[in-house]
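Structure file final_30.cif (mmCIF, N, CA and C atoms) follows.
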data_data
#
loop_
_atom_site.label_atom_id
_atom_site.label_comp_id
_atom_site.auth_asym_id
_atom_site.auth_seq_id
_atom_site.Cartn_x
_atom_site.Cartn_y
_atom_site.Cartn_z
N PHE A 1 5.52 10.35 81.65
CA PHE A 1 5.93 9.00 81.34
C PHE A 1 5.14 8.00 82.18
N ARG A 2 4.96 8.32 83.45
CA ARG A 2 4.24 7.42 84.34
C ARG A 2 2.80 7.22 83.88
N GLU A 3 2.17 8.31 83.42
CA GLU A 3 0.78 8.20 82.95
C GLU A 3 0.68 7.28 81.74
N ILE A 4 1.62 7.41 80.81
CA ILE A 4 1.63 6.55 79.62
C ILE A 4 1.84 5.10 80.04
N ALA A 5 2.77 4.87 80.96
CA ALA A 5 3.03 3.51 81.42
C ALA A 5 1.80 2.91 82.10
N GLU A 6 1.11 3.70 82.92
CA GLU A 6 -0.07 3.19 83.62
C GLU A 6 -1.23 2.94 82.67
N GLN A 7 -1.31 3.69 81.58
CA GLN A 7 -2.35 3.44 80.59
C GLN A 7 -2.10 2.15 79.84
N ASN A 8 -0.85 1.91 79.47
CA ASN A 8 -0.49 0.71 78.72
C ASN A 8 -0.35 -0.52 79.59
N TYR A 9 0.05 -0.33 80.85
CA TYR A 9 0.24 -1.44 81.79
C TYR A 9 -0.47 -1.12 83.09
N PRO A 10 -1.80 -1.25 83.13
CA PRO A 10 -2.54 -0.83 84.32
C PRO A 10 -2.18 -1.62 85.57
N TYR A 11 -1.63 -2.81 85.43
CA TYR A 11 -1.27 -3.60 86.61
C TYR A 11 -0.04 -3.05 87.32
N PHE A 12 0.67 -2.09 86.73
CA PHE A 12 1.76 -1.41 87.43
C PHE A 12 1.24 -0.32 88.35
N ARG A 13 0.00 0.09 88.16
CA ARG A 13 -0.57 1.19 88.93
C ARG A 13 -0.55 0.85 90.41
N GLY A 14 -0.03 1.74 91.21
CA GLY A 14 -0.01 1.56 92.66
C GLY A 14 1.11 0.68 93.16
N ASN A 15 1.91 0.12 92.30
CA ASN A 15 3.02 -0.71 92.74
C ASN A 15 4.28 0.14 92.84
N SER A 16 4.90 0.09 94.01
CA SER A 16 6.13 0.86 94.20
C SER A 16 7.31 0.13 93.57
N ALA A 17 8.37 0.87 93.38
CA ALA A 17 9.59 0.28 92.84
C ALA A 17 10.10 -0.82 93.76
N LEU A 18 9.90 -0.64 95.06
CA LEU A 18 10.35 -1.65 96.03
C LEU A 18 9.57 -2.95 95.86
N ASN A 19 8.26 -2.85 95.61
CA ASN A 19 7.45 -4.04 95.37
C ASN A 19 7.89 -4.75 94.10
N VAL A 20 8.12 -4.01 93.05
CA VAL A 20 8.56 -4.60 91.79
C VAL A 20 9.93 -5.26 91.97
N LEU A 21 10.83 -4.60 92.70
CA LEU A 21 12.15 -5.17 92.95
C LEU A 21 12.06 -6.44 93.79
N SER A 22 11.17 -6.45 94.78
CA SER A 22 11.03 -7.66 95.60
C SER A 22 10.49 -8.82 94.77
N LEU A 23 9.63 -8.55 93.80
CA LEU A 23 9.15 -9.61 92.90
C LEU A 23 10.30 -10.11 92.02
N ALA A 24 11.13 -9.21 91.56
CA ALA A 24 12.27 -9.60 90.71
C ALA A 24 13.28 -10.44 91.47
N MET A 25 13.31 -10.31 92.79
CA MET A 25 14.27 -11.05 93.60
C MET A 25 13.72 -12.38 94.12
N ARG A 26 12.48 -12.70 93.79
CA ARG A 26 11.92 -13.98 94.22
C ARG A 26 12.74 -15.13 93.65
N LYS A 27 12.85 -16.20 94.42
CA LYS A 27 13.69 -17.32 93.99
C LYS A 27 13.22 -17.93 92.67
N ASP A 28 11.90 -18.10 92.50
CA ASP A 28 11.40 -18.70 91.26
C ASP A 28 11.67 -17.81 90.05
N VAL A 29 11.57 -16.51 90.24
CA VAL A 29 11.84 -15.57 89.14
C VAL A 29 13.33 -15.60 88.78
N ARG A 30 14.18 -15.58 89.81
CA ARG A 30 15.63 -15.61 89.56
C ARG A 30 16.06 -16.92 88.90
N THR A 31 15.49 -18.04 89.37
CA THR A 31 15.85 -19.34 88.82
C THR A 31 15.46 -19.44 87.36
N ARG A 32 14.25 -19.01 87.03
CA ARG A 32 13.79 -19.05 85.64
C ARG A 32 14.65 -18.14 84.77
N ALA A 33 14.95 -16.95 85.26
CA ALA A 33 15.76 -16.00 84.49
C ALA A 33 17.17 -16.53 84.27
N LEU A 34 17.73 -17.19 85.28
CA LEU A 34 19.07 -17.76 85.14
C LEU A 34 19.09 -18.88 84.10
N TYR A 35 18.08 -19.72 84.12
CA TYR A 35 17.98 -20.80 83.14
C TYR A 35 17.89 -20.23 81.72
N ILE A 36 17.01 -19.26 81.53
CA ILE A 36 16.86 -18.62 80.22
C ILE A 36 18.16 -17.93 79.81
N CYS A 37 18.79 -17.28 80.77
CA CYS A 37 20.06 -16.58 80.51
C CYS A 37 21.11 -17.53 79.98
N VAL A 38 21.24 -18.69 80.59
CA VAL A 38 22.27 -19.65 80.17
C VAL A 38 21.95 -20.21 78.79
N VAL A 39 20.72 -20.66 78.60
CA VAL A 39 20.36 -21.29 77.32
C VAL A 39 20.45 -20.30 76.17
N VAL A 40 19.77 -19.17 76.32
CA VAL A 40 19.76 -18.17 75.23
C VAL A 40 21.12 -17.51 75.08
N GLY A 41 21.80 -17.25 76.19
CA GLY A 41 23.11 -16.61 76.14
C GLY A 41 24.14 -17.44 75.40
N VAL A 42 24.13 -18.75 75.65
CA VAL A 42 25.08 -19.63 74.95
C VAL A 42 24.79 -19.63 73.45
N ILE A 43 23.51 -19.72 73.09
CA ILE A 43 23.14 -19.72 71.67
C ILE A 43 23.54 -18.40 71.00
N LEU A 44 23.20 -17.28 71.64
CA LEU A 44 23.52 -15.98 71.04
C LEU A 44 25.02 -15.73 70.98
N ASN A 45 25.75 -16.13 72.02
CA ASN A 45 27.21 -15.97 71.98
C ASN A 45 27.83 -16.83 70.89
N GLY A 46 27.27 -18.03 70.69
CA GLY A 46 27.75 -18.88 69.60
C GLY A 46 27.54 -18.23 68.25
N ILE A 47 26.39 -17.60 68.09
CA ILE A 47 26.09 -16.92 66.83
C ILE A 47 26.97 -15.67 66.66
N ASN A 48 27.06 -14.88 67.72
CA ASN A 48 27.76 -13.59 67.62
C ASN A 48 29.27 -13.70 67.65
N GLN A 49 29.82 -14.68 68.39
CA GLN A 49 31.27 -14.73 68.54
C GLN A 49 31.86 -16.08 68.15
N GLY A 50 31.05 -16.92 67.56
CA GLY A 50 31.53 -18.24 67.15
C GLY A 50 32.69 -18.18 66.19
N HIS A 51 32.64 -17.24 65.26
CA HIS A 51 33.73 -17.12 64.29
C HIS A 51 35.06 -16.80 64.97
N ALA A 52 35.02 -15.94 65.98
CA ALA A 52 36.25 -15.59 66.70
C ALA A 52 36.77 -16.78 67.48
N LEU A 53 35.89 -17.50 68.13
CA LEU A 53 36.30 -18.67 68.90
C LEU A 53 36.88 -19.75 68.01
N LEU A 54 36.23 -19.98 66.87
CA LEU A 54 36.72 -21.00 65.94
C LEU A 54 38.06 -20.62 65.31
N ALA A 55 38.31 -19.32 65.20
CA ALA A 55 39.58 -18.84 64.64
C ALA A 55 40.68 -18.77 65.69
N GLY A 56 40.33 -19.12 66.94
CA GLY A 56 41.33 -19.09 68.01
C GLY A 56 41.57 -17.72 68.59
N GLN A 57 40.69 -16.77 68.29
CA GLN A 57 40.83 -15.42 68.82
C GLN A 57 40.10 -15.32 70.16
N ALA A 58 40.50 -14.35 70.95
CA ALA A 58 39.84 -14.10 72.23
C ALA A 58 38.50 -13.42 71.97
N PRO A 59 37.45 -13.85 72.66
CA PRO A 59 36.14 -13.20 72.48
C PRO A 59 36.12 -11.84 73.16
N ASP A 60 35.20 -11.01 72.74
CA ASP A 60 34.99 -9.70 73.36
C ASP A 60 34.20 -9.94 74.65
N LEU A 61 34.87 -9.80 75.80
CA LEU A 61 34.25 -10.16 77.08
C LEU A 61 33.07 -9.26 77.44
N ILE A 62 33.15 -7.99 77.11
CA ILE A 62 32.04 -7.08 77.43
C ILE A 62 30.80 -7.49 76.65
N ARG A 63 30.95 -7.76 75.38
CA ARG A 63 29.81 -8.20 74.58
C ARG A 63 29.29 -9.55 75.05
N MET A 64 30.19 -10.41 75.49
CA MET A 64 29.78 -11.72 75.97
C MET A 64 28.92 -11.59 77.22
N VAL A 65 29.34 -10.76 78.16
CA VAL A 65 28.58 -10.54 79.39
C VAL A 65 27.23 -9.91 79.08
N LEU A 66 27.23 -8.91 78.21
CA LEU A 66 25.96 -8.25 77.85
C LEU A 66 25.01 -9.22 77.15
N THR A 67 25.56 -10.13 76.36
CA THR A 67 24.74 -11.11 75.67
C THR A 67 24.04 -12.04 76.65
N PHE A 68 24.66 -12.30 77.79
CA PHE A 68 24.01 -13.10 78.83
C PHE A 68 23.04 -12.26 79.67
N MET A 69 23.36 -10.99 79.86
CA MET A 69 22.52 -10.13 80.71
C MET A 69 21.17 -9.81 80.07
N VAL A 70 21.14 -9.65 78.77
CA VAL A 70 19.90 -9.26 78.10
C VAL A 70 18.79 -10.30 78.29
N PRO A 71 19.04 -11.59 78.03
CA PRO A 71 17.95 -12.55 78.26
C PRO A 71 17.55 -12.64 79.73
N TYR A 72 18.51 -12.45 80.65
CA TYR A 72 18.18 -12.46 82.08
C TYR A 72 17.21 -11.32 82.40
N CYS A 73 17.51 -10.13 81.92
CA CYS A 73 16.65 -8.97 82.18
C CYS A 73 15.29 -9.12 81.52
N VAL A 74 15.25 -9.61 80.31
CA VAL A 74 13.98 -9.80 79.61
C VAL A 74 13.12 -10.83 80.33
N SER A 75 13.71 -11.92 80.76
CA SER A 75 12.97 -12.95 81.47
C SER A 75 12.44 -12.43 82.81
N THR A 76 13.27 -11.68 83.52
CA THR A 76 12.85 -11.11 84.81
C THR A 76 11.70 -10.13 84.60
N TYR A 77 11.82 -9.25 83.62
CA TYR A 77 10.76 -8.29 83.32
C TYR A 77 9.46 -9.01 82.98
N SER A 78 9.55 -10.02 82.15
CA SER A 78 8.37 -10.78 81.75
C SER A 78 7.72 -11.46 82.95
N SER A 79 8.51 -12.05 83.81
CA SER A 79 7.97 -12.72 84.99
C SER A 79 7.29 -11.73 85.93
N VAL A 80 7.93 -10.60 86.18
CA VAL A 80 7.37 -9.61 87.10
C VAL A 80 6.07 -9.04 86.54
N THR A 81 6.03 -8.70 85.26
CA THR A 81 4.79 -8.17 84.70
C THR A 81 3.66 -9.20 84.73
N THR A 82 4.00 -10.47 84.51
CA THR A 82 2.98 -11.51 84.58
C THR A 82 2.44 -11.66 86.00
N ILE A 83 3.33 -11.66 86.98
CA ILE A 83 2.90 -11.75 88.38
C ILE A 83 2.00 -10.57 88.74
N LEU A 84 2.41 -9.37 88.37
CA LEU A 84 1.59 -8.19 88.67
C LEU A 84 0.25 -8.23 87.98
N LYS A 85 0.24 -8.71 86.75
CA LYS A 85 -1.01 -8.80 86.00
C LYS A 85 -2.00 -9.74 86.70
N TYR A 86 -1.52 -10.91 87.12
CA TYR A 86 -2.41 -11.87 87.75
C TYR A 86 -2.76 -11.50 89.19
N GLU A 87 -1.89 -10.77 89.88
CA GLU A 87 -2.22 -10.31 91.23
C GLU A 87 -3.26 -9.20 91.22
N SER A 88 -3.29 -8.43 90.12
CA SER A 88 -4.24 -7.30 90.05
C SER A 88 -5.64 -7.76 89.65
N GLY A 89 -5.74 -9.00 89.25
CA GLY A 89 -7.07 -9.54 88.93
C GLY A 89 -7.32 -9.54 87.52
#

Structure re-expressed in structure tokens:
Amino acid sequence: FREIAEQNYPYFRGNSALNVLSLAMRKDVRTRALYICVVVGVILNGINQGHALLAGQAPDLIRMVLTFMVPYCVSTYSSVTTILKYESG
């Protein structure tokens, strides 16, 4: 799996999990991911659970949390891969 990943994403080569995690924890990466999480999460929750909210029903909290987590993770992954790509030259 690692060989396939390094062939498709050569900028991951030589980067430890700790380095990748430290990039994901940078303030600018977290701030951008949080902003994307809120904007996209609200839109997706409105689409996915709007009918329940409008009908006065309780929303599915697990799905609601996951709907916010997905854009956060995607934004963080995108930011980290971009940083690694530009740092590798």

Please enclose the listed atoms of stretch 53-69 of chain A in an axis-aligned box, pad each side by 6 Å, and write out the centre and the three edge lengths in Å, rounded to one decimal, as lines of an AutoDock Vina configuration file.
center_x = 31.4
center_y = -14.0
center_z = 72.7
size_x = 32.4
size_y = 25.9
size_z = 28.1

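Picked by the PyMOL selection byres ((chain A and resi 73-84) around 8) from the coordinates shown: Pro10, Tyr11, Phe12, Val20, Leu23, Ala24, Val29, Arg30, Arg32, Ala33, Leu34, Ile36, Cys37, Phe68, Met69, Val70, Pro71, Tyr72, Lys85, Tyr86, Glu87, Ser88 and Gly89 of chain A.
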
TODO: Using DSSP on the backbone coordinates, identify the residues of chain A assigned to alpha helix (DSSP H); present them as a PyMOL selection string.
DONE: chain A and resi 2-8+17-24+27-54+61-87

Open item on the list: Please report the interatomic distance between atom C of A:Leu66 and atom C of A:Ser16 in Å with one decimal.
Closed with: 25.9 Å

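The gap separating atom N of A:Thr67 from atom N of A:Gly41 is 8.1 Å, in Å to one decimal.
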
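Between atom CA of A:Ile62 and atom CA of A:Tyr35 the separation is 20.5 Å.
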
Given the PyMOL selection byres (((chain A and resi 64 and name CA) around 12) and name CA), the residues it picks as a JSON list (two decimals) with N, CA and C atoms, keeping the file's coordinate frame:
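Okay, this is what ended up in selection_21.json:
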[["chain", "number", "residue", "atom", "x", "y", "z"],
["A", 37, "CYS", "N", 18.79, -17.28, 80.77],
["A", 37, "CYS", "CA", 20.06, -16.58, 80.51],
["A", 37, "CYS", "C", 21.11, -17.53, 79.98],
["A", 38, "VAL", "N", 21.24, -18.69, 80.59],
["A", 38, "VAL", "CA", 22.27, -19.65, 80.17],
["A", 38, "VAL", "C", 21.95, -20.21, 78.79],
["A", 40, "VAL", "N", 19.77, -19.17, 76.32],
["A", 40, "VAL", "CA", 19.76, -18.17, 75.23],
["A", 40, "VAL", "C", 21.12, -17.51, 75.08],
["A", 41, "GLY", "N", 21.80, -17.25, 76.19],
["A", 41, "GLY", "CA", 23.11, -16.61, 76.14],
["A", 41, "GLY", "C", 24.14, -17.44, 75.40],
["A", 42, "VAL", "N", 24.13, -18.75, 75.65],
["A", 42, "VAL", "CA", 25.08, -19.63, 74.95],
["A", 42, "VAL", "C", 24.79, -19.63, 73.45],
["A", 43, "ILE", "N", 23.51, -19.72, 73.09],
["A", 43, "ILE", "CA", 23.14, -19.72, 71.67],
["A", 43, "ILE", "C", 23.54, -18.40, 71.00],
["A", 44, "LEU", "N", 23.20, -17.28, 71.64],
["A", 44, "LEU", "CA", 23.52, -15.98, 71.04],
["A", 44, "LEU", "C", 25.02, -15.73, 70.98],
["A", 45, "ASN", "N", 25.75, -16.13, 72.02],
["A", 45, "ASN", "CA", 27.21, -15.97, 71.98],
["A", 45, "ASN", "C", 27.83, -16.83, 70.89],
["A", 46, "GLY", "N", 27.27, -18.03, 70.69],
["A", 46, "GLY", "CA", 27.75, -18.88, 69.60],
["A", 46, "GLY", "C", 27.54, -18.23, 68.25],
["A", 47, "ILE", "N", 26.39, -17.60, 68.09],
["A", 47, "ILE", "CA", 26.09, -16.92, 66.83],
["A", 47, "ILE", "C", 26.97, -15.67, 66.66],
["A", 48, "ASN", "N", 27.06, -14.88, 67.72],
["A", 48, "ASN", "CA", 27.76, -13.59, 67.62],
["A", 48, "ASN", "C", 29.27, -13.70, 67.65],
["A", 49, "GLN", "N", 29.82, -14.68, 68.39],
["A", 49, "GLN", "CA", 31.27, -14.73, 68.54],
["A", 49, "GLN", "C", 31.86, -16.08, 68.15],
["A", 50, "GLY", "N", 31.05, -16.92, 67.56],
["A", 50, "GLY", "CA", 31.53, -18.24, 67.15],
["A", 50, "GLY", "C", 32.69, -18.18, 66.19],
["A", 52, "ALA", "N", 35.02, -15.94, 65.98],
["A", 52, "ALA", "CA", 36.25, -15.59, 66.70],
["A", 52, "ALA", "C", 36.77, -16.78, 67.48],
["A", 53, "LEU", "N", 35.89, -17.50, 68.13],
["A", 53, "LEU", "CA", 36.30, -18.67, 68.90],
["A", 53, "LEU", "C", 36.88, -19.75, 68.01],
["A", 58, "ALA", "N", 40.50, -14.35, 70.95],
["A", 58, "ALA", "CA", 39.84, -14.10, 72.23],
["A", 58, "ALA", "C", 38.50, -13.42, 71.97],
["A", 59, "PRO", "N", 37.45, -13.85, 72.66],
["A", 59, "PRO", "CA", 36.14, -13.20, 72.48],
["A", 59, "PRO", "C", 36.12, -11.84, 73.16],
["A", 60, "ASP", "N", 35.20, -11.01, 72.74],
["A", 60, "ASP", "CA", 34.99, -9.70, 73.36],
["A", 60, "ASP", "C", 34.20, -9.94, 74.65],
["A", 61, "LEU", "N", 34.87, -9.80, 75.80],
["A", 61, "LEU", "CA", 34.25, -10.16, 77.08],
["A", 61, "LEU", "C", 33.07, -9.26, 77.44],
["A", 62, "ILE", "N", 33.15, -7.99, 77.11],
["A", 62, "ILE", "CA", 32.04, -7.08, 77.43],
["A", 62, "ILE", "C", 30.80, -7.49, 76.65],
["A", 63, "ARG", "N", 30.95, -7.76, 75.38],
["A", 63, "ARG", "CA", 29.81, -8.20, 74.58],
["A", 63, "ARG", "C", 29.29, -9.55, 75.05],
["A", 65, "VAL", "N", 29.34, -10.76, 78.16],
["A", 65, "VAL", "CA", 28.58, -10.54, 79.39],
["A", 65, "VAL", "C", 27.23, -9.91, 79.08],
["A", 66, "LEU", "N", 27.23, -8.91, 78.21],
["A", 66, "LEU", "CA", 25.96, -8.25, 77.85],
["A", 66, "LEU", "C", 25.01, -9.22, 77.15],
["A", 67, "THR", "N", 25.56, -10.13, 76.36],
["A", 67, "THR", "CA", 24.74, -11.11, 75.67],
["A", 67, "THR", "C", 24.04, -12.04, 76.65],
["A", 68, "PHE", "N", 24.66, -12.30, 77.79],
["A", 68, "PHE", "CA", 24.01, -13.10, 78.83],
["A", 68, "PHE", "C", 23.04, -12.26, 79.67],
["A", 69, "MET", "N", 23.36, -10.99, 79.86],
["A", 69, "MET", "CA", 22.52, -10.13, 80.71],
["A", 69, "MET", "C", 21.17, -9.81, 80.07],
["A", 70, "VAL", "N", 21.14, -9.65, 78.77],
["A", 70, "VAL", "CA", 19.90, -9.26, 78.10],
["A", 70, "VAL", "C", 18.79, -10.30, 78.29]]
